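Asks: I'd like to ask some things about the structure below.
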Amino acid sequence: MESRPSCTVDHIQNLQHLQHLQHLRSLAPIQALWPIGFVALGRFGHSTFIAGRPPRPSTARRVLQIMTKKKDTAEQAEFRRYATAWLAENAPGPPPHRIPEISIEVVEEELKDYLVDWQSQCYDAGMVGADYPSEYGGGGHDGFQAVANQEMGRARTPYMINVVGLNMAAPTILQHGTEEQKRRYIKPILSAEEIWCQGFSEPNAGSDLASLTASAVRDGDTWTINGHKVWTSLAHFAKWMIMMCRTDTQVKHAGITYFLVPIADTPGVTVRPLIKITGQSGFNEVLFDDVVVDDAARLDEVGKGWDVAMTTLLHERGAAESAGGGGNHRLEERVHALIALAKRTPRGAGTAWDDAAIRDRIVQLVIRAEGIKQNGRRARVEALCDDPMRLPLQMKVLISELMQDLSALGVEIAGAHSTLYVGDPNAPDEAEWPLSFMNSFGMTIAAGTSEVQRNILGERILGLAKSK
Amino acid sequence: MSSANRQPKDFGFGEEETMLRDSARRLLSDAAGVETLRRTVAPDHTAAYESETQPAPWDEALWRKMVGLGWTAVAATEDAGGAAMKMVAVAALAEEAGRAALPSPLIATLLATRVLGKAAGAGAIAAAERIVAGTATSLAITDKRGSWEPGDTSVAARATDYGYELDGSAYFVQDARKAGQFIVSARVKGDVGGGGISDGAGGLGLFRVDATQPGLEIIPDQIVDLTRDQAHLELGGVEVAADCVIAAPGEGEQVLAAATADMLTIVAADMCGAAEWQLQTTVEYARVRTQFDRPLGFFQAVKHPLVNMMIDIDRARSLVYNAACACDSEPEQAERYARMAKAAASDAAAFCSSRSVQLHGGIGFTWECDVHLWFKRQLHNQVYLGDAAYQRAKLADLIDRD
C-alpha cells in the first residue's frame, strides 16, 4: 500500500528513485518485512522535524501519481503474458520446511537454500531486478518489476529471500554508490548470490537512532569498526551488512557515515542469534571488535550517513508498504482463518462463532481489515484526501495493530487449546495463534513503534506540538 | 471482505462529484457556519430544552437556495426530473451537511429520495418530483419499539374503493416538522384482492402522505439533538389515493431492504463529516491552549487520542465511499459494505464525541462551547438506523451466508 513517510518525499530526488518506490510497493503480495532492520521509522519524522523541512505536497502528489499508474503499456502487457506463463511453468516444488510468514524468519539452512534457488531462478528469468540498469545486472526495463511482482503475488510463489538486499541495500547503493560499488554489489543482490543484512539499531539507539555509537575510526585507507548492532535479521546468512557508524562524536546526525561491511568470515565479527519472546531465533546481534575494512567500503561521503540512511529507510518503509498492499491478501486470509477457528471451536452448547460476544469482536476486525483495504484505495483518490500523507502514514500502525488484535482474539477463541504451543500435536493450527500473537509485537515495535508512529501522525498531519 | 472488483478503483468519484462537494462546502461554510448554527439552534438552553414544545429552528431561505442549486435533485432519478447523480456524490453532500451539523431536512430528504428510487409504484415518481421541486420529505417507517427492520410498522392499511386508509402511529420520524410529505410504511390487514393475504400479517406497502393531510397529526418529540427535530405521527383514517401508492402492499419491505445500503451510507457519511469537524476543532484547541507552559497537543496523552480520532474517521470515511460506490456499481455487496460503514462511523462518532468534550476540558462541558452541538448530533446518528453492534450482528449474518 502507499505508506510514505513525509520526509521521504524530501529525499526523493529523481524519477528513477520514485520508480524504485513503485517496485517496492508492488513487491507487496509476497512480503511482510517490518522487522528487517527493526529500525525506527520514527527517524524519518524525527529528521524532518528537527530539520524543520516542510512537506512538499507537489512532490507528494508526484509520488502518488507515479505509484498509482495503472494501465499496462504494450511492453508491460507483453511482459505480463511472459511472466504469467513463466510462473505457471516454473513454480517451485514444496519447500523442505514450512515457510515462515516473513523471509527474515528463515532459520533452516535447507529452506534458505531452497529460497535462494528460487530467487536465483527468478533473476535468471528476468523477474527480479527487471528495472535496474543492465550494466549493473538488471533487466534495464521500465515498469516491469511491478508487473513481475503482481504476477508472483497472484501465483502465490515464495517470496524473495534477499529482502534487505533487494529493498534496502540495492536501491541505496544505486543512488549513493560509486560506479565500482554499483558494479560490484548490485548483481549478486538481485541473484541472491550474496545475502545482505542491516546494521542500524543498537542496544542504546532504538527509537532515537541517531544516538548510535558503533564507531569507525580512520587510519589512512582503512577504517576500524567497533560496536554492537541488534535486531539484524538474516545476519546468520548474510555476507554483507549495510551499516551506520559514528565517525564524529562532536555532532549527532552529521557524525554518522554509511558503510558496506563484509560480515561473513571476517575477523572480529561475531554473529549471535537473538532469541525472541517466542523462544525462536529470527534475528541476531552482531558484535564488531576491531574489524578493519577498506575505505572502499564507505558509501557516499564521511558524515553523510544519515542522509544515505534516509534512502535506505525510505525503502524499508517501502517494504513495509508492500506488506500493506499484499497484506490485504494476508489480512483477508487471517480474518478467514479466525472465522474458521471460531466456527470449529466448541463453546458452550455450540461453537465460538455462535457466541454473539465473540462474533461481534470478530466482525469488528473484519471491518478494520476492510477499512485498511479501502484506505489504500482512497489514498489514491486525490479528491477524497485533504492531505496526501494522511492515509499512507497510518498504514503501518493500522496493519500491525490489526494483526496483533487478530492473533490475540484467536488465542482467546482457541480457549484451553491456546495453551498448547509449537510441538504439541494437539495445538490448533500448529500453535499459530499464540505464536503469531507473540510475534506480532515485532510489528508494533519495529520500524517505529506504534507510539512513535502516533507522534509522527499527530505532528506531521495534525500539526500538534512536537513531543520531542 | 471479498470484492468482486467490479467497482471503479477511484470509487467513481470524479470531477462532477468533486464540484458538488466543493460547492456544498463553500455554501455551508458561508451560510451555515458555527456562529449561525449557534444562533439558530442554541441561542439559550431554556429555549432549547425547556419550551413547552421544543423548537425546530432551521433556515428556510437556505433550504430554498439548496433546492435552487439542485441538491434535492442530486439523489433523484431522471424520470422524476432528478440529476441521478451517483451515491458517492450523495455521500459527499451528506458529509458536508454533517461537517456543518446542518439543521435541515436535507438528510431525511436524501434518504426518502433513495427509497423512492427503488420503488415502482405510480406514487414514487410523483413524490420524487415534489422533492426535486423542493418539498422536504421524511420516512415514517419505524414502529413504537424503534425497530429498524424494514418489515416492522405500527401503521395499518386498509384497502378502500379509492385506495387505502391508514391508521396507527409511526415513530422516530426525522425532521417531521420541516417535511412537506411523508413516506409511510403500513401493513395491509385483511384481504387485498386477487392473490392477496387474508390473515393479520398482510403485505407491507409504502404510501405518500402530505404533511397537511386530514387525519394526520405530527406530535413533536423532545430530543437531545438540537440540529434536527423528531416526531411521531398519529394517523387516524388518513386517506391515500391510488396514485399515492409508492410501493404496493407486499412490495414495501423489499423496497426498503433495497434502499437500506443507501440509507446507512448517507447517515454514515453525515457522521464522518461531523467527526472531522470534531477532530479539527479539538486539534485547533490543542494547538492554542497552553497548560504547564506547553500547548496541550505536546502531551502524548492528548496527542495520541487525537490521532486515534483521525484513524477512526479515516477508516469510516473510506468504508463510506466504498459502500456508496457499491450502491452505484456492486449492489449485491452494498448492504454488507454499508453496514461496515455505519458500524465504523457510529464507533468513530462515539469516540470523537467523547474526546472532543474531554480534551476541551472544563470549557468542553459547558453550553458555550460549540462541541456539544456536534456531540448531540452524533449521539442521535449513532443509533439512528441501528447502532454499531446492530450493524455488526447483521454483518455476521451476511458472513454466515458466504
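Starting from 1 in every chain, residues are counted up; chains themselves are A, B, ... following the order of the C-alpha cells, and ligands are numbered from 1 as listed.
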Dump as an mmCIF file with N, CA and C atoms, in the first residue's frame the residues of chain B that approach chain A to within 6 Å, counting only C-alpha atoms.
Replies:
data_model
loop_
_atom_site.group_PDB
_atom_site.id
_atom_site.type_symbol
_atom_site.label_atom_id
_atom_site.label_comp_id
_atom_site.auth_asym_id
_atom_site.auth_seq_id
_atom_site.Cartn_x
_atom_site.Cartn_y
_atom_site.Cartn_z
ATOM 1 N N MET B 1 -15.723 -8.416 2.875
ATOM 2 C CA MET B 1 -14.301 -8.747 2.744
ATOM 3 C C MET B 1 -13.901 -8.899 1.285
ATOM 4 N N ASP B 10 -11.362 4.342 -8.362
ATOM 5 C CA ASP B 10 -11.415 5.658 -7.706
ATOM 6 C C ASP B 10 -12.787 5.935 -7.094
ATOM 7 N N ARG B 287 -3.798 23.021 19.939
ATOM 8 C CA ARG B 287 -2.652 23.793 19.450
ATOM 9 C C ARG B 287 -2.531 25.137 20.156
ATOM 10 N N GLY B 297 -1.371 19.825 22.867
ATOM 11 C CA GLY B 297 -1.012 18.802 21.897
ATOM 12 C C GLY B 297 0.398 18.263 22.074
ATOM 13 N N PHE B 298 1.211 18.951 22.856
ATOM 14 C CA PHE B 298 2.552 18.446 23.157
ATOM 15 C C PHE B 298 2.460 17.142 23.948
ATOM 16 N N LYS B 303 -2.215 14.034 22.462
ATOM 17 C CA LYS B 303 -1.863 13.833 21.051
ATOM 18 C C LYS B 303 -2.374 12.491 20.526
ATOM 19 N N HIS B 304 -2.140 11.438 21.274
ATOM 20 C CA HIS B 304 -2.476 10.109 20.755
ATOM 21 C C HIS B 304 -3.982 9.879 20.584
ATOM 22 N N VAL B 307 -4.923 11.474 17.393
ATOM 23 C CA VAL B 307 -4.538 10.638 16.257
ATOM 24 C C VAL B 307 -5.525 9.475 16.112
ATOM 25 N N ARG B 315 -10.970 5.477 8.643
ATOM 26 C CA ARG B 315 -11.496 4.135 8.362
ATOM 27 C C ARG B 315 -12.964 4.254 7.942
ATOM 28 N N SER B 318 -13.394 5.915 4.470
ATOM 29 C CA SER B 318 -13.044 5.029 3.358
ATOM 30 C C SER B 318 -14.140 3.990 3.154
ATOM 31 N N LEU B 319 -14.674 3.487 4.258
ATOM 32 C CA LEU B 319 -15.741 2.492 4.160
ATOM 33 C C LEU B 319 -17.026 3.111 3.615
ATOM 34 N N MET B 340 -20.820 -2.153 7.278
ATOM 35 C CA MET B 340 -19.471 -1.872 7.764
ATOM 36 C C MET B 340 -19.285 -0.365 7.980
#
Asks: May I have the residues within 6 Å of Val245 (chain B) as an mmCIF file with N, CA, C and O atoms, in the first residue's frame, using only C-alpha atoms and disregarding those fewer than 2 positions away in the same chain?
Replies:
data_model
loop_
_atom_site.group_PDB
_atom_site.id
_atom_site.type_symbol
_atom_site.label_atom_id
_atom_site.label_comp_id
_atom_site.auth_asym_id
_atom_site.auth_seq_id
_atom_site.Cartn_x
_atom_site.Cartn_y
_atom_site.Cartn_z
ATOM 1 N N GLY B 121 -44.087 1.932 -7.689
ATOM 2 C CA GLY B 121 -45.455 2.428 -7.667
ATOM 3 C C GLY B 121 -45.604 3.788 -8.346
ATOM 4 O O GLY B 121 -44.648 4.561 -8.439
ATOM 5 N N GLY B 123 -46.988 6.356 -7.353
ATOM 6 C CA GLY B 123 -46.767 7.471 -6.439
ATOM 7 C C GLY B 123 -45.306 7.805 -6.239
ATOM 8 O O GLY B 123 -44.967 8.896 -5.768
ATOM 9 N N PHE B 207 -46.638 4.423 1.334
ATOM 10 C CA PHE B 207 -47.672 5.369 0.911
ATOM 11 C C PHE B 207 -47.214 6.800 1.110
ATOM 12 O O PHE B 207 -46.565 7.113 2.109
ATOM 13 N N ALA B 242 -55.012 6.041 -4.883
ATOM 14 C CA ALA B 242 -54.240 5.002 -5.566
ATOM 15 C C ALA B 242 -52.963 5.567 -6.185
ATOM 16 O O ALA B 242 -51.924 4.906 -6.216
ATOM 17 N N ASP B 243 -53.022 6.834 -6.631
ATOM 18 C CA ASP B 243 -51.828 7.386 -7.263
ATOM 19 C C ASP B 243 -50.795 7.874 -6.233
ATOM 20 O O ASP B 243 -49.777 8.441 -6.593
ATOM 21 N N ALA B 247 -45.238 1.937 -2.975
ATOM 22 C CA ALA B 247 -44.966 0.512 -3.177
ATOM 23 C C ALA B 247 -46.225 -0.224 -2.779
ATOM 24 O O ALA B 247 -46.752 -0.024 -1.683
#
Asks: So what do you get for CA of Glu330 (chain B) versus CA of Ala259 (chain B), distance-wise?
Replies: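 Interatomic distance here is 13.6 Å.
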Asks: Excluding same-chain residues fewer than 6 positions from region 263-267 of chain A, what lies within 10 Å of it counting only C-alpha atoms, as a list in words?
Replies: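 Using only C-alpha atoms, the neighbours found are Trp196, Cys197, Ala235, His236, Phe237, Ala238, Lys239, Trp240, Met241, Val286, Leu287, Phe288, Asp289, Asp290, Val291, Val292 and Val293 of chain A.
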Asks: What's the separation between CA of Glu105 (chain A) and CA of Ala155 (chain A), in Å to one decimal place?
Replies: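 Taking CA of Glu105 (chain A) as the start and CA of Ala155 (chain A) as the end point, the length is 21.8 Å.
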Asks: Step one, run DSSP on the backbone; step two, keep only residues of region 88-323 of chain A assigned to strand (DSSP E or B); then write them as a PyMOL selection string.
Replies: chain A and resi 196-199+202+205+215-219+222-233+240-246+256-262+269-275+281-294+298-299
Asks: If we count only C-alpha atoms and set the cut-off at 10 Å, which residues sit around Gly98 (chain B), ignoring sequence neighbours fewer than 4 positions away in its own chain? Please answer as a compact mmCIF listing (two decimals) with C-alpha atoms, in the first residue's frame.
Replies:
# COMPACT_ATOMS: atom_id res chain seq x y z
CA ALA B 92 -20.16 13.70 -0.29
CA LEU B 93 -23.12 16.03 0.10
CA ALA B 94 -24.17 14.30 3.31
CA LEU B 102 -26.67 21.44 9.34
CA PRO B 103 -30.15 21.85 10.83
CA ILE B 107 -30.51 14.18 5.07
CA VAL B 267 -26.15 8.70 7.57
CA ALA B 268 -22.64 7.32 7.98
CA ALA B 269 -21.31 10.00 5.64
CA ASP B 270 -23.01 12.68 7.73
CA MET B 271 -21.28 11.25 10.80
CA CYS B 272 -17.88 11.25 9.12
CA GLY B 273 -18.23 14.91 8.23
CA ALA B 274 -19.32 15.73 11.75
CA ALA B 275 -16.47 13.71 13.23
CA GLU B 276 -13.95 15.52 11.07
CA TRP B 277 -15.28 18.82 12.42
CA TRP B 374 -21.94 18.04 17.20
CA ARG B 377 -25.98 15.21 16.53
CA GLN B 378 -23.59 12.26 16.64
Asks: Mind checking which residues fall within 9 Å of Tyr258 (chain A), counting only C-alpha atoms, ignoring those fewer than 2 positions away in the same chain, and posting them as a PyMOL selection string?
Replies: chain A and resi 242-246+256+260+297-306+308-309
Asks: Suppose we keep N, CA and C atoms; can you now write the selection as a short mmCIF file (atom, residue, chain, number, x, y, z; two decimals), in the first residue's frame?
Replies:
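The result, stored in part03.cif:
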data_model
loop_
_atom_site.label_atom_id
_atom_site.label_comp_id
_atom_site.auth_asym_id
_atom_site.auth_seq_id
_atom_site.Cartn_x
_atom_site.Cartn_y
_atom_site.Cartn_z
N ILE A 242 24.71 -3.48 5.50
CA ILE A 242 24.69 -2.02 5.40
C ILE A 242 24.72 -1.51 6.82
N MET A 243 25.62 -0.59 7.09
CA MET A 243 25.90 -0.25 8.49
C MET A 243 26.11 1.24 8.67
N MET A 244 25.53 1.76 9.73
CA MET A 244 25.79 3.16 10.10
C MET A 244 26.76 3.18 11.26
N CYS A 245 27.82 3.96 11.12
CA CYS A 245 28.82 4.09 12.18
C CYS A 245 29.02 5.55 12.53
N ARG A 246 29.41 5.76 13.77
CA ARG A 246 29.75 7.12 14.19
C ARG A 246 31.20 7.40 13.82
N ILE A 256 27.66 10.72 11.37
CA ILE A 256 27.40 9.33 11.00
C ILE A 256 27.84 9.07 9.56
N LEU A 260 29.50 -0.37 3.78
CA LEU A 260 29.09 -1.68 3.27
C LEU A 260 30.13 -2.66 3.82
N ALA A 297 34.83 0.51 1.37
CA ALA A 297 33.58 0.05 1.99
C ALA A 297 32.67 1.20 2.37
N ARG A 298 33.18 2.40 2.28
CA ARG A 298 32.38 3.57 2.67
C ARG A 298 31.41 3.90 1.53
N LEU A 299 30.15 4.18 1.87
CA LEU A 299 29.17 4.57 0.86
C LEU A 299 28.91 6.07 1.01
N ASP A 300 29.14 6.78 -0.06
CA ASP A 300 29.00 8.25 -0.05
C ASP A 300 30.00 8.87 0.95
N GLU A 301 29.83 10.15 1.19
CA GLU A 301 30.88 10.87 1.93
C GLU A 301 30.83 10.63 3.43
N VAL A 302 31.97 10.92 4.05
CA VAL A 302 32.04 10.87 5.51
C VAL A 302 31.06 11.91 6.07
N GLY A 303 30.27 11.48 7.05
CA GLY A 303 29.32 12.42 7.66
C GLY A 303 27.99 12.51 6.93
N LYS A 304 27.87 11.78 5.82
CA LYS A 304 26.62 11.80 5.06
C LYS A 304 25.73 10.60 5.38
N GLY A 305 26.17 9.81 6.35
CA GLY A 305 25.49 8.54 6.61
C GLY A 305 24.01 8.68 6.91
N TRP A 306 23.65 9.74 7.61
CA TRP A 306 22.24 9.90 7.97
C TRP A 306 21.38 10.11 6.73
N VAL A 308 22.13 9.18 3.71
CA VAL A 308 22.10 7.94 2.95
C VAL A 308 21.07 6.99 3.57
N ALA A 309 21.08 6.96 4.90
CA ALA A 309 20.15 6.08 5.60
C ALA A 309 18.71 6.43 5.30
#
Asks: Between CA of Ile277 (chain A) and CA of Tyr421 (chain A), what is the distance in Å, rounded to a tenth?
Replies: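 That distance, rounded to one decimal, is 13.0 Å.
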Asks: Residues of region 142-268 of chain B classed as alpha helix (DSSP H) by DSSP on the backbone are to be reported as an mmCIF file with N, CA and C atoms, in the first residue's frame.
Replies:
data_model
loop_
_atom_site.group_PDB
_atom_site.id
_atom_site.type_symbol
_atom_site.label_atom_id
_atom_site.label_comp_id
_atom_site.auth_asym_id
_atom_site.auth_seq_id
_atom_site.Cartn_x
_atom_site.Cartn_y
_atom_site.Cartn_z
ATOM 1 N N GLY B 252 -43.397 -3.355 -0.278
ATOM 2 C CA GLY B 252 -42.741 -2.305 0.501
ATOM 3 C C GLY B 252 -41.482 -2.757 1.214
ATOM 4 N N GLU B 253 -41.555 -3.961 1.737
ATOM 5 C CA GLU B 253 -40.435 -4.457 2.519
ATOM 6 C C GLU B 253 -39.191 -4.596 1.644
ATOM 7 N N GLN B 254 -39.444 -5.096 0.446
ATOM 8 C CA GLN B 254 -38.331 -5.302 -0.478
ATOM 9 C C GLN B 254 -37.757 -3.960 -0.939
ATOM 10 N N VAL B 255 -38.628 -2.968 -1.097
ATOM 11 C CA VAL B 255 -38.144 -1.634 -1.493
ATOM 12 C C VAL B 255 -37.265 -1.057 -0.389
ATOM 13 N N LEU B 256 -37.738 -1.170 0.837
ATOM 14 C CA LEU B 256 -36.946 -0.640 1.954
ATOM 15 C C LEU B 256 -35.630 -1.393 2.099
ATOM 16 N N ALA B 257 -35.707 -2.713 1.910
ATOM 17 C CA ALA B 257 -34.476 -3.506 2.014
ATOM 18 C C ALA B 257 -33.489 -3.082 0.936
ATOM 19 N N ALA B 258 -34.022 -2.802 -0.266
ATOM 20 C CA ALA B 258 -33.137 -2.407 -1.364
ATOM 21 C C ALA B 258 -32.499 -1.051 -1.109
ATOM 22 N N ALA B 259 -33.167 -0.217 -0.314
ATOM 23 C CA ALA B 259 -32.638 1.120 -0.051
ATOM 24 C C ALA B 259 -31.818 1.181 1.232
ATOM 25 N N THR B 260 -31.748 0.057 1.936
ATOM 26 C CA THR B 260 -31.064 0.058 3.229
ATOM 27 C C THR B 260 -29.617 0.524 3.110
ATOM 28 N N ALA B 261 -28.907 -0.003 2.138
ATOM 29 C CA ALA B 261 -27.496 0.354 1.986
ATOM 30 C C ALA B 261 -27.345 1.849 1.727
ATOM 31 N N ASP B 262 -28.200 2.387 0.881
ATOM 32 C CA ASP B 262 -28.141 3.819 0.574
ATOM 33 C C ASP B 262 -28.375 4.648 1.837
ATOM 34 N N MET B 263 -29.386 4.227 2.607
ATOM 35 C CA MET B 263 -29.730 4.991 3.798
ATOM 36 C C MET B 263 -28.599 4.972 4.822
ATOM 37 N N LEU B 264 -28.071 3.782 5.052
ATOM 38 C CA LEU B 264 -26.979 3.660 6.021
ATOM 39 C C LEU B 264 -25.771 4.481 5.577
ATOM 40 N N THR B 265 -25.493 4.441 4.302
ATOM 41 C CA THR B 265 -24.317 5.139 3.779
ATOM 42 C C THR B 265 -24.446 6.649 3.945
ATOM 43 N N ILE B 266 -25.641 7.150 3.678
ATOM 44 C CA ILE B 266 -25.854 8.598 3.783
ATOM 45 C C ILE B 266 -25.686 9.059 5.233
ATOM 46 N N VAL B 267 -26.272 8.310 6.157
ATOM 47 C CA VAL B 267 -26.155 8.698 7.565
ATOM 48 C C VAL B 267 -24.699 8.561 8.032
ATOM 49 N N ALA B 268 -24.038 7.504 7.593
ATOM 50 C CA ALA B 268 -22.640 7.316 7.982
ATOM 51 C C ALA B 268 -21.770 8.443 7.431
#
